[in-house]
Number of protein chains: 2
Amino acid sequence: MRSEPRYAQVAAALRAAIAGGVYRDGASLPTESALCATYAISRFTAREALRLLQVEGLIRRQHGSGTTVVGGTPVLRQSLSDVAELSHYAAGSTFAFREHGLQTLPAARAAALRLPPGSRWVLLSGVRTIAGLPAPIAITEVFVHADLEPFVAALRAGRETLFTQLARLGGFHIARIEQDIAAIGAGTRDATVLQIARRTPCLRIQRTYQDAGGRIVLLSLSTHPGERFTYSMHIDN
Amino acid sequence: MRSEPRYAQVAAALRAAIAGGVYRDGASLPTESALCATYAISRFTAREALRLLQVEGLIRRQHGSGTTVVGGTPVLRQSLSDVAELSHYAAGSTFAFREHGLQTLPAARAAALRLPPGSRWVLLSGVRTIAGLPAPIAITEVFVHADLEPFVAALRAGRETLFTQLARLGGFHIARIEQDIAAIGAGTRDATVLQIARRTPCLRIQRTYQDAGGRIVLLSLSTHPGERFTYSMHIDN
DNA sequence: GAGTGGTCTAGACCACGTG
DNA sequence: ACGTGGTCTAGACCACTCC
């Protein structure tokens, strides 16, 4: 049982105080030196705690004036922090894939995907289609951690996403998903499969699924033709 | 002319070294103690410089292993998991805009944005820039509901997003944000402002901000050059 | 075990905003 | 002038990774 860093504890305490109405919208938070005194911490730790709240958008800091609460409304926490949301865009679509076995990635490829050089992955490739549409809406590559190779054969195409299947089969828990979205021009191979012109603008979505230890268990790389795909999400307060 | 903080100078030097190919993709950056020695700075200053590069997405830090370069081409990343982060947008960036008054949208335009035909909006246009970068990272159009016109004159460019300013000025609450992300080719006008070639792949992000009644109070339409912008988010279970 | 980054202390001086 | 946050030093111990 590792304990949280001190600055995270202080940040949590302040967050709770804000949510609890101790500091209202626009109200001033204690000064740094006040925090040092009340929590018996150094100024570094106090600043680190405040830095956390700042990137969360909870507080606003002004050089000569002080620290004020920006949005004390306590419900602001809710978000798309739900894995279910991630699958909603795929509803009604099906994913067909082929397995290409366990491979060591070329160094350049590994670096581009920000995976450890020399690491080994089971490579899958596939296309996502929507019934009735002539061309696929995505071409996808999936990299499964070598440790999970025994479960790959049991993967099925269909509604359930690969990562939920793997999590169930492997008996582990996905703790974090990182998602990067960029716009790129279609390469020759992608263009052929997607039936679009080369260099057509495409959405490139890279997701990494990490377990509790921060280890990447699955990485997926999808390319969607720009004119056939829009990534849509919503955030409710 | 006030001089830059020391950590910003060190960060700039490292940024230049990465861009100049001294440290390639995936290569290791000097350790913190090495930076302390070469620049004659304390570890705090070195870490502050590295922190800058980290939030820019240029480097990746791993506890026991070291600091490595993520991408040789500078990519801006925006991490986003809830409304609070959305309000802060890209750290260190500023938004400059002009107001173009109350207008009735052409029918085609309204349809494309999925806004009611004949509805009236205050149109704003602007660019988002990051200090030190020659070209903007986004060109943005904003449509503000006609009912909020009295508050538009009070809007200020700067750190606070337009919708948080409007919510405060108008005394209402944003209940829902919808966000659509697509890949498009840059049009002539966008290409000029963003200093890229026409038809360069760009991320087009459309956000609608709705009040509790589902009424769209604000719509923003941003175009980001693909090679300078990656939309990044994470989801924690 | 050696070396890395993560956390933390106890000081210091400076730049900024408000009185 | 004063108090605020911003920057910075010179140490320290710990947790993690890799050999």
# chains A, B, ... in the order shown; residues from 1 in each chain; ligands from 1
>>> interface_residues(of="chain A", to="chain D", cutoff="7 Å", atoms="only C-alpha atoms (C1' of nucleotides)", output="list of chain:residue names")
A:Gln62, A:His63, A:Gly64, A:Ser65, A:Gly66
>>> closest_atom_pairs(of="chain C", to="chain A", cutoff="7 Å", atoms="only C-alpha atoms (C1' of nucleotides)", output="Markdown table")
| residue | atom | partner | partner_atom | distance |
| --- | --- | --- | --- | --- |
| C:DC8 | C1' | A:Thr45 | CA | 6.9 |
| C:DT9 | C1' | A:Ser42 | CA | 6.1 |
| C:DC16 | C1' | A:Gly64 | CA | 4.6 |
| C:DG17 | C1' | A:Gly64 | CA | 4.2 |
>>> closest_residue(among="A:Ile216, A:Leu113, A:Ala8, A:Ile18", to="chain B", atoms="only C-alpha atoms")
A:Leu113
>>> atom_distance(atom1="atom CA of A:Gly21", atom2="atom CA of B:Leu169")
21.4 Å
>>> closest_residue(among="A:Arg120, A:His145, A:Arg114, A:Arg109", to="chain B", atoms="only C-alpha atoms")
A:Arg114
>>> atom_distance(atom1="atom CA of B:Ala112", atom2="atom CA of B:Ser125")
17.7 Å
>>> residues_around(residues="B:Leu123", least_positions_apart="3", cutoff="6 Å", atoms="only C-alpha atoms (C1' of nucleotides)", output="ChimeraX atom specification")
/B:100-101,142-143
>>> atom_distance(atom1="atom CA of B:Thr140", atom2="atom CA of B:Thr223")
6.4 Å
>>> select_by_dssp(residues="stretch 145-201 of chain A", states="strand (DSSP E)", output="mmCIF file with C-alpha atoms, in the first residue's frame")
data_model
loop_
_atom_site.group_PDB
_atom_site.id
_atom_site.type_symbol
_atom_site.label_atom_id
_atom_site.label_comp_id
_atom_site.auth_asym_id
_atom_site.auth_seq_id
_atom_site.Cartn_x
_atom_site.Cartn_y
_atom_site.Cartn_z
ATOM 1 C CA HIS A 145 1.240 -7.315 -25.729
ATOM 2 C CA ILE A 174 -7.903 -1.576 -18.023
ATOM 3 C CA ALA A 175 -6.985 1.347 -15.804
ATOM 4 C CA ARG A 176 -6.288 4.030 -18.346
ATOM 5 C CA ILE A 177 -6.807 4.793 -21.990
ATOM 6 C CA GLU A 178 -4.859 7.420 -23.836
ATOM 7 C CA GLN A 179 -6.115 8.660 -27.138
ATOM 8 C CA ASP A 180 -4.374 10.854 -29.674
ATOM 9 C CA ILE A 181 -6.226 12.237 -32.647
ATOM 10 C CA ALA A 182 -4.419 13.784 -35.586
ATOM 11 C CA ALA A 183 -5.145 14.692 -39.185
ATOM 12 C CA ILE A 184 -2.958 13.064 -41.793
ATOM 13 C CA GLY A 185 -3.002 12.444 -45.531
ATOM 14 C CA PRO A 201 -7.318 14.015 -45.244
#
>>> decode(residues="stretch 5-18 of chain D", atoms="all heavy atoms", output="JSON list (two decimals), in the first residue's frame")
[["chain", "number", "residue", "atom", "x", "y", "z"],
["D", 5, "DG", "P", -0.36, 33.60, -3.01],
["D", 5, "DG", "OP1", -1.60, 32.83, -3.13],
["D", 5, "DG", "OP2", 0.61, 33.27, -1.96],
["D", 5, "DG", "O5'", 0.40, 33.59, -4.40],
["D", 5, "DG", "C5'", -0.30, 33.88, -5.60],
["D", 5, "DG", "C4'", 0.70, 34.19, -6.71],
["D", 5, "DG", "O4'", 1.76, 35.01, -6.18],
["D", 5, "DG", "C3'", 1.39, 32.96, -7.31],
["D", 5, "DG", "O3'", 1.56, 33.18, -8.70],
["D", 5, "DG", "C2'", 2.72, 32.93, -6.60],
["D", 5, "DG", "C1'", 3.01, 34.43, -6.47],
["D", 5, "DG", "N9", 3.92, 34.76, -5.39],
["D", 5, "DG", "C8", 3.75, 34.53, -4.06],
["D", 5, "DG", "N7", 4.75, 34.95, -3.33],
["D", 5, "DG", "C5", 5.63, 35.49, -4.24],
["D", 5, "DG", "C6", 6.90, 36.10, -4.05],
["D", 5, "DG", "O6", 7.50, 36.29, -2.99],
["D", 5, "DG", "N1", 7.47, 36.51, -5.25],
["D", 5, "DG", "C2", 6.89, 36.35, -6.49],
["D", 5, "DG", "N2", 7.57, 36.79, -7.54],
["D", 5, "DG", "N3", 5.70, 35.79, -6.69],
["D", 5, "DG", "C4", 5.14, 35.38, -5.52],
["D", 6, "DG", "P", 2.36, 32.11, -9.61],
["D", 6, "DG", "OP1", 1.75, 32.09, -10.95],
["D", 6, "DG", "OP2", 2.49, 30.88, -8.80],
["D", 6, "DG", "O5'", 3.81, 32.80, -9.74],
["D", 6, "DG", "C5'", 4.03, 33.76, -10.77],
["D", 6, "DG", "C4'", 5.50, 33.82, -11.13],
["D", 6, "DG", "O4'", 6.25, 34.25, -9.97],
["D", 6, "DG", "C3'", 6.11, 32.48, -11.54],
["D", 6, "DG", "O3'", 6.98, 32.68, -12.64],
["D", 6, "DG", "C2'", 6.85, 32.02, -10.30],
["D", 6, "DG", "C1'", 7.30, 33.36, -9.72],
["D", 6, "DG", "N9", 7.50, 33.29, -8.28],
["D", 6, "DG", "C8", 6.62, 32.79, -7.35],
["D", 6, "DG", "N7", 7.07, 32.86, -6.13],
["D", 6, "DG", "C5", 8.32, 33.43, -6.26],
["D", 6, "DG", "C6", 9.30, 33.75, -5.28],
["D", 6, "DG", "O6", 9.23, 33.57, -4.06],
["D", 6, "DG", "N1", 10.44, 34.33, -5.84],
["D", 6, "DG", "C2", 10.61, 34.56, -7.17],
["D", 6, "DG", "N2", 11.77, 35.12, -7.54],
["D", 6, "DG", "N3", 9.71, 34.27, -8.10],
["D", 6, "DG", "C4", 8.60, 33.71, -7.57],
["D", 7, "DT", "P", 7.79, 31.44, -13.22],
["D", 7, "DT", "OP1", 8.03, 31.75, -14.64],
["D", 7, "DT", "OP2", 7.16, 30.17, -12.80],
["D", 7, "DT", "O5'", 9.18, 31.58, -12.46],
["D", 7, "DT", "C5'", 10.04, 32.67, -12.76],
["D", 7, "DT", "C4'", 11.27, 32.62, -11.90],
["D", 7, "DT", "O4'", 10.89, 32.52, -10.52],
["D", 7, "DT", "C3'", 12.20, 31.43, -12.17],
["D", 7, "DT", "O3'", 13.44, 31.93, -12.63],
["D", 7, "DT", "C2'", 12.31, 30.72, -10.81],
["D", 7, "DT", "C1'", 11.90, 31.83, -9.85],
["D", 7, "DT", "N1", 11.35, 31.37, -8.54],
["D", 7, "DT", "C2", 12.05, 31.65, -7.39],
["D", 7, "DT", "O2", 13.11, 32.25, -7.39],
["D", 7, "DT", "N3", 11.47, 31.20, -6.24],
["D", 7, "DT", "C4", 10.27, 30.52, -6.12],
["D", 7, "DT", "O4", 9.85, 30.17, -5.03],
["D", 7, "DT", "C5", 9.58, 30.25, -7.36],
["D", 7, "DT", "C7", 8.27, 29.52, -7.35],
["D", 7, "DT", "C6", 10.15, 30.70, -8.51],
["D", 8, "DC", "P", 14.51, 30.96, -13.26],
["D", 8, "DC", "OP1", 15.45, 31.77, -14.05],
["D", 8, "DC", "OP2", 13.76, 29.86, -13.89],
["D", 8, "DC", "O5'", 15.28, 30.39, -12.00],
["D", 8, "DC", "C5'", 16.01, 31.30, -11.17],
["D", 8, "DC", "C4'", 16.52, 30.61, -9.92],
["D", 8, "DC", "O4'", 15.44, 30.45, -8.98],
["D", 8, "DC", "C3'", 17.05, 29.19, -10.10],
["D", 8, "DC", "O3'", 18.48, 29.27, -10.20],
["D", 8, "DC", "C2'", 16.59, 28.45, -8.84],
["D", 8, "DC", "C1'", 15.91, 29.56, -8.01],
["D", 8, "DC", "N1", 14.78, 29.09, -7.18],
["D", 8, "DC", "C2", 14.92, 29.09, -5.80],
["D", 8, "DC", "O2", 15.98, 29.48, -5.31],
["D", 8, "DC", "N3", 13.90, 28.66, -5.02],
["D", 8, "DC", "C4", 12.76, 28.24, -5.59],
["D", 8, "DC", "N4", 11.78, 27.83, -4.78],
["D", 8, "DC", "C5", 12.59, 28.24, -7.00],
["D", 8, "DC", "C6", 13.61, 28.66, -7.77],
["D", 9, "DT", "P", 19.40, 27.96, -10.20],
["D", 9, "DT", "OP1", 20.62, 28.31, -10.95],
["D", 9, "DT", "OP2", 18.60, 26.80, -10.59],
["D", 9, "DT", "O5'", 19.80, 27.79, -8.68],
["D", 9, "DT", "C5'", 20.26, 28.93, -7.96],
["D", 9, "DT", "C4'", 20.62, 28.54, -6.54],
["D", 9, "DT", "O4'", 19.40, 28.39, -5.78],
["D", 9, "DT", "C3'", 21.38, 27.22, -6.42],
["D", 9, "DT", "O3'", 22.58, 27.42, -5.68],
["D", 9, "DT", "C2'", 20.42, 26.29, -5.67],
["D", 9, "DT", "C1'", 19.50, 27.26, -4.95],
["D", 9, "DT", "N1", 18.13, 26.72, -4.76],
["D", 9, "DT", "C2", 17.65, 26.50, -3.49],
["D", 9, "DT", "O2", 18.30, 26.72, -2.48],
["D", 9, "DT", "N3", 16.37, 26.00, -3.43],
["D", 9, "DT", "C4", 15.55, 25.71, -4.51],
["D", 9, "DT", "O4", 14.42, 25.26, -4.34],
["D", 9, "DT", "C5", 16.11, 25.96, -5.80],
["D", 9, "DT", "C7", 15.31, 25.67, -7.03],
["D", 9, "DT", "C6", 17.36, 26.45, -5.87],
["D", 10, "DA", "P", 23.81, 26.48, -5.91],
["D", 10, "DA", "OP1", 25.00, 27.33, -5.76],
["D", 10, "DA", "OP2", 23.61, 25.67, -7.13],
["D", 10, "DA", "O5'", 23.71, 25.50, -4.65],
["D", 10, "DA", "C5'", 23.57, 26.06, -3.35],
["D", 10, "DA", "C4'", 23.28, 24.93, -2.37],
["D", 10, "DA", "O4'", 21.86, 24.67, -2.38],
["D", 10, "DA", "C3'", 23.96, 23.60, -2.71],
["D", 10, "DA", "O3'", 24.44, 22.99, -1.50],
["D", 10, "DA", "C2'", 22.86, 22.79, -3.35],
["D", 10, "DA", "C1'", 21.67, 23.27, -2.52],
["D", 10, "DA", "N9", 20.36, 23.04, -3.15],
["D", 10, "DA", "C8", 20.07, 23.01, -4.49],
["D", 10, "DA", "N7", 18.80, 22.77, -4.75],
["D", 10, "DA", "C5", 18.22, 22.66, -3.48],
["D", 10, "DA", "C6", 16.91, 22.40, -3.07],
["D", 10, "DA", "N6", 15.89, 22.23, -3.90],
["D", 10, "DA", "N1", 16.67, 22.34, -1.74],
["D", 10, "DA", "C2", 17.69, 22.51, -0.90],
["D", 10, "DA", "N3", 18.97, 22.76, -1.17],
["D", 10, "DA", "C4", 19.17, 22.82, -2.50],
["D", 11, "DG", "P", 25.49, 21.83, -1.59],
["D", 11, "DG", "OP1", 26.17, 21.83, -0.29],
["D", 11, "DG", "OP2", 26.23, 21.95, -2.82],
["D", 11, "DG", "O5'", 24.59, 20.51, -1.67],
["D", 11, "DG", "C5'", 24.53, 19.66, -0.59],
["D", 11, "DG", "C4'", 23.16, 19.76, 0.09],
["D", 11, "DG", "O4'", 22.24, 20.43, -0.78],
["D", 11, "DG", "C3'", 22.49, 18.42, 0.34],
["D", 11, "DG", "O3'", 23.01, 17.82, 1.51],
["D", 11, "DG", "C2'", 21.05, 18.82, 0.48],
["D", 11, "DG", "C1'", 20.93, 20.04, -0.41],
["D", 11, "DG", "N9", 20.13, 19.82, -1.62],
["D", 11, "DG", "C8", 20.57, 19.93, -2.93],
["D", 11, "DG", "N7", 19.62, 19.70, -3.80],
["D", 11, "DG", "C5", 18.49, 19.43, -3.02],
["D", 11, "DG", "C6", 17.15, 19.11, -3.41],
["D", 11, "DG", "O6", 16.71, 19.01, -4.55],
["D", 11, "DG", "N1", 16.33, 18.91, -2.30],
["D", 11, "DG", "C2", 16.74, 19.01, -1.00],
["D", 11, "DG", "N2", 15.81, 18.78, -0.07],
["D", 11, "DG", "N3", 17.98, 19.31, -0.62],
["D", 11, "DG", "C4", 18.79, 19.50, -1.68],
["D", 12, "DA", "P", 23.34, 16.29, 1.57],
["D", 12, "DA", "OP1", 24.17, 16.07, 2.77],
["D", 12, "DA", "OP2", 23.81, 15.87, 0.24],
["D", 12, "DA", "O5'", 21.92, 15.63, 1.81],
["D", 12, "DA", "C5'", 21.07, 16.16, 2.81],
["D", 12, "DA", "C4'", 19.69, 15.57, 2.63],
["D", 12, "DA", "O4'", 19.11, 16.15, 1.45],
["D", 12, "DA", "C3'", 19.73, 14.07, 2.38],
["D", 12, "DA", "O3'", 19.45, 13.38, 3.59],
["D", 12, "DA", "C2'", 18.62, 13.84, 1.33],
["D", 12, "DA", "C1'", 18.15, 15.23, 0.97],
["D", 12, "DA", "N9", 18.02, 15.45, -0.48],
["D", 12, "DA", "C8", 19.01, 15.77, -1.37],
["D", 12, "DA", "N7", 18.59, 15.91, -2.61],
["D", 12, "DA", "C5", 17.23, 15.66, -2.52],
["D", 12, "DA", "C6", 16.21, 15.64, -3.48],
["D", 12, "DA", "N6", 16.41, 15.90, -4.78],
["D", 12, "DA", "N1", 14.96, 15.36, -3.07],
["D", 12, "DA", "C2", 14.77, 15.11, -1.77],
["D", 12, "DA", "N3", 15.64, 15.10, -0.77],
["D", 12, "DA", "C4", 16.86, 15.38, -1.22],
["D", 13, "DC", "P", 19.83, 11.80, 3.66],
["D", 13, "DC", "OP1", 20.02, 11.51, 5.10],
["D", 13, "DC", "OP2", 20.87, 11.50, 2.67],
["D", 13, "DC", "O5'", 18.47, 11.11, 3.19],
["D", 13, "DC", "C5'", 17.25, 11.46, 3.82],
["D", 13, "DC", "C4'", 16.10, 10.93, 2.98],
["D", 13, "DC", "O4'", 16.07, 11.63, 1.72],
["D", 13, "DC", "C3'", 16.21, 9.43, 2.63],
["D", 13, "DC", "O3'", 15.04, 8.77, 3.06],
["D", 13, "DC", "C2'", 16.37, 9.42, 1.11],
["D", 13, "DC", "C1'", 15.71, 10.73, 0.70],
["D", 13, "DC", "N1", 16.19, 11.26, -0.60],
["D", 13, "DC", "C2", 15.28, 11.47, -1.64],
["D", 13, "DC", "O2", 14.08, 11.22, -1.45],
["D", 13, "DC", "N3", 15.73, 11.94, -2.83],
["D", 13, "DC", "C4", 17.04, 12.19, -2.99],
["D", 13, "DC", "N4", 17.43, 12.65, -4.18],
["D", 13, "DC", "C5", 17.98, 11.99, -1.95],
["D", 13, "DC", "C6", 17.52, 11.52, -0.78],
["D", 14, "DC", "P", 14.91, 7.20, 2.95],
["D", 14, "DC", "OP1", 14.24, 6.73, 4.17],
["D", 14, "DC", "OP2", 16.21, 6.64, 2.52],
["D", 14, "DC", "O5'", 13.90, 7.02, 1.73],
["D", 14, "DC", "C5'", 12.74, 7.85, 1.64],
["D", 14, "DC", "C4'", 12.10, 7.68, 0.27],
["D", 14, "DC", "O4'", 12.89, 8.37, -0.71],
["D", 14, "DC", "C3'", 11.99, 6.23, -0.20],
["D", 14, "DC", "O3'", 10.66, 5.96, -0.56],
["D", 14, "DC", "C2'", 12.94, 6.15, -1.38],
["D", 14, "DC", "C1'", 12.95, 7.59, -1.88],
["D", 14, "DC", "N1", 14.19, 7.99, -2.61],
["D", 14, "DC", "C2", 14.08, 8.38, -3.95],
["D", 14, "DC", "O2", 12.99, 8.38, -4.49],
["D", 14, "DC", "N3", 15.20, 8.75, -4.61],
["D", 14, "DC", "C4", 16.39, 8.74, -3.98],
["D", 14, "DC", "N4", 17.46, 9.11, -4.67],
["D", 14, "DC", "C5", 16.50, 8.35, -2.62],
["D", 14, "DC", "C6", 15.39, 7.98, -1.97],
["D", 15, "DA", "P", 10.19, 4.48, -0.86],
["D", 15, "DA", "OP1", 8.86, 4.31, -0.27],
["D", 15, "DA", "OP2", 11.32, 3.57, -0.53],
["D", 15, "DA", "O5'", 10.03, 4.49, -2.45],
["D", 15, "DA", "C5'", 9.18, 5.46, -3.07],
["D", 15, "DA", "C4'", 9.12, 5.21, -4.56],
["D", 15, "DA", "O4'", 10.35, 5.67, -5.17],
["D", 15, "DA", "C3'", 8.99, 3.75, -4.97],
["D", 15, "DA", "O3'", 8.21, 3.72, -6.16],
["D", 15, "DA", "C2'", 10.42, 3.32, -5.22],
["D", 15, "DA", "C1'", 11.03, 4.60, -5.79],
["D", 15, "DA", "N9", 12.45, 4.80, -5.52],
["D", 15, "DA", "C8", 13.12, 4.51, -4.37],
["D", 15, "DA", "N7", 14.40, 4.82, -4.42],
["D", 15, "DA", "C5", 14.56, 5.35, -5.69],
["D", 15, "DA", "C6", 15.67, 5.87, -6.37],
["D", 15, "DA", "N6", 16.89, 5.95, -5.83],
["D", 15, "DA", "N1", 15.49, 6.31, -7.63],
["D", 15, "DA", "C2", 14.27, 6.24, -8.16],
["D", 15, "DA", "N3", 13.14, 5.77, -7.63],
["D", 15, "DA", "C4", 13.37, 5.34, -6.38],
["D", 16, "DC", "P", 7.65, 2.33, -6.68],
["D", 16, "DC", "OP1", 6.21, 2.55, -6.91],
["D", 16, "DC", "OP2", 8.13, 1.24, -5.80],
["D", 16, "DC", "O5'", 8.34, 2.14, -8.12],
["D", 16, "DC", "C5'", 8.30, 3.22, -9.05],
["D", 16, "DC", "C4'", 9.51, 3.13, -9.96],
["D", 16, "DC", "O4'", 10.70, 3.35, -9.18],
["D", 16, "DC", "C3'", 9.70, 1.76, -10.62],
["D", 16, "DC", "O3'", 9.31, 1.87, -11.98],
["D", 16, "DC", "C2'", 11.19, 1.45, -10.46],
["D", 16, "DC", "C1'", 11.76, 2.75, -9.88],
["D", 16, "DC", "N1", 12.89, 2.57, -8.91],
["D", 16, "DC", "C2", 14.19, 2.89, -9.30],
["D", 16, "DC", "O2", 14.38, 3.31, -10.45],
["D", 16, "DC", "N3", 15.20, 2.73, -8.41],
["D", 16, "DC", "C4", 14.94, 2.29, -7.18],
["D", 16, "DC", "N4", 15.98, 2.16, -6.35],
["D", 16, "DC", "C5", 13.62, 1.95, -6.75],
["D", 16, "DC", "C6", 12.62, 2.11, -7.64],
["D", 17, "DT", "P", 9.23, 0.58, -12.90],
["D", 17, "DT", "OP1", 8.14, 0.82, -13.86],
["D", 17, "DT", "OP2", 9.19, -0.60, -11.99],
["D", 17, "DT", "O5'", 10.62, 0.52, -13.69],
["D", 17, "DT", "C5'", 11.26, 1.74, -14.03],
["D", 17, "DT", "C4'", 12.57, 1.45, -14.76],
["D", 17, "DT", "O4'", 13.68, 1.54, -13.81],
["D", 17, "DT", "C3'", 12.72, 0.11, -15.44],
["D", 17, "DT", "O3'", 13.34, 0.33, -16.69],
["D", 17, "DT", "C2'", 13.59, -0.69, -14.47],
["D", 17, "DT", "C1'", 14.46, 0.40, -13.86],
["D", 17, "DT", "N1", 14.91, 0.16, -12.46],
["D", 17, "DT", "C2", 16.20, 0.47, -12.09],
["D", 17, "DT", "O2", 17.02, 0.92, -12.88],
["D", 17, "DT", "N3", 16.52, 0.24, -10.78],
["D", 17, "DT", "C4", 15.67, -0.27, -9.81],
["D", 17, "DT", "O4", 16.06, -0.44, -8.65],
["D", 17, "DT", "C5", 14.34, -0.58, -10.24],
["D", 17, "DT", "C7", 13.35, -1.13, -9.26],
["D", 17, "DT", "C6", 14.02, -0.35, -11.53],
["D", 18, "DC", "P", 13.53, -0.81, -17.75],
["D", 18, "DC", "OP1", 13.34, -0.22, -19.08],
["D", 18, "DC", "OP2", 12.76, -1.98, -17.31],
["D", 18, "DC", "O5'", 15.09, -1.15, -17.60],
["D", 18, "DC", "C5'", 16.04, -0.08, -17.62],
["D", 18, "DC", "C4'", 17.42, -0.60, -17.27],
["D", 18, "DC", "O4'", 17.53, -0.74, -15.84],
["D", 18, "DC", "C3'", 17.76, -1.97, -17.88],
["D", 18, "DC", "O3'", 19.07, -1.90, -18.42],
["D", 18, "DC", "C2'", 17.66, -2.92, -16.69],
["D", 18, "DC", "C1'", 18.10, -2.00, -15.54],
["D", 18, "DC", "N1", 17.60, -2.40, -14.20],
["D", 18, "DC", "C2", 18.38, -2.19, -13.07],
["D", 18, "DC", "O2", 19.50, -1.67, -13.21],
["D", 18, "DC", "N3", 17.93, -2.56, -11.85],
["D", 18, "DC", "C4", 16.71, -3.12, -11.75],
["D", 18, "DC", "N4", 16.29, -3.46, -10.53],
["D", 18, "DC", "C5", 15.88, -3.35, -12.90],
["D", 18, "DC", "C6", 16.35, -2.98, -14.09]]
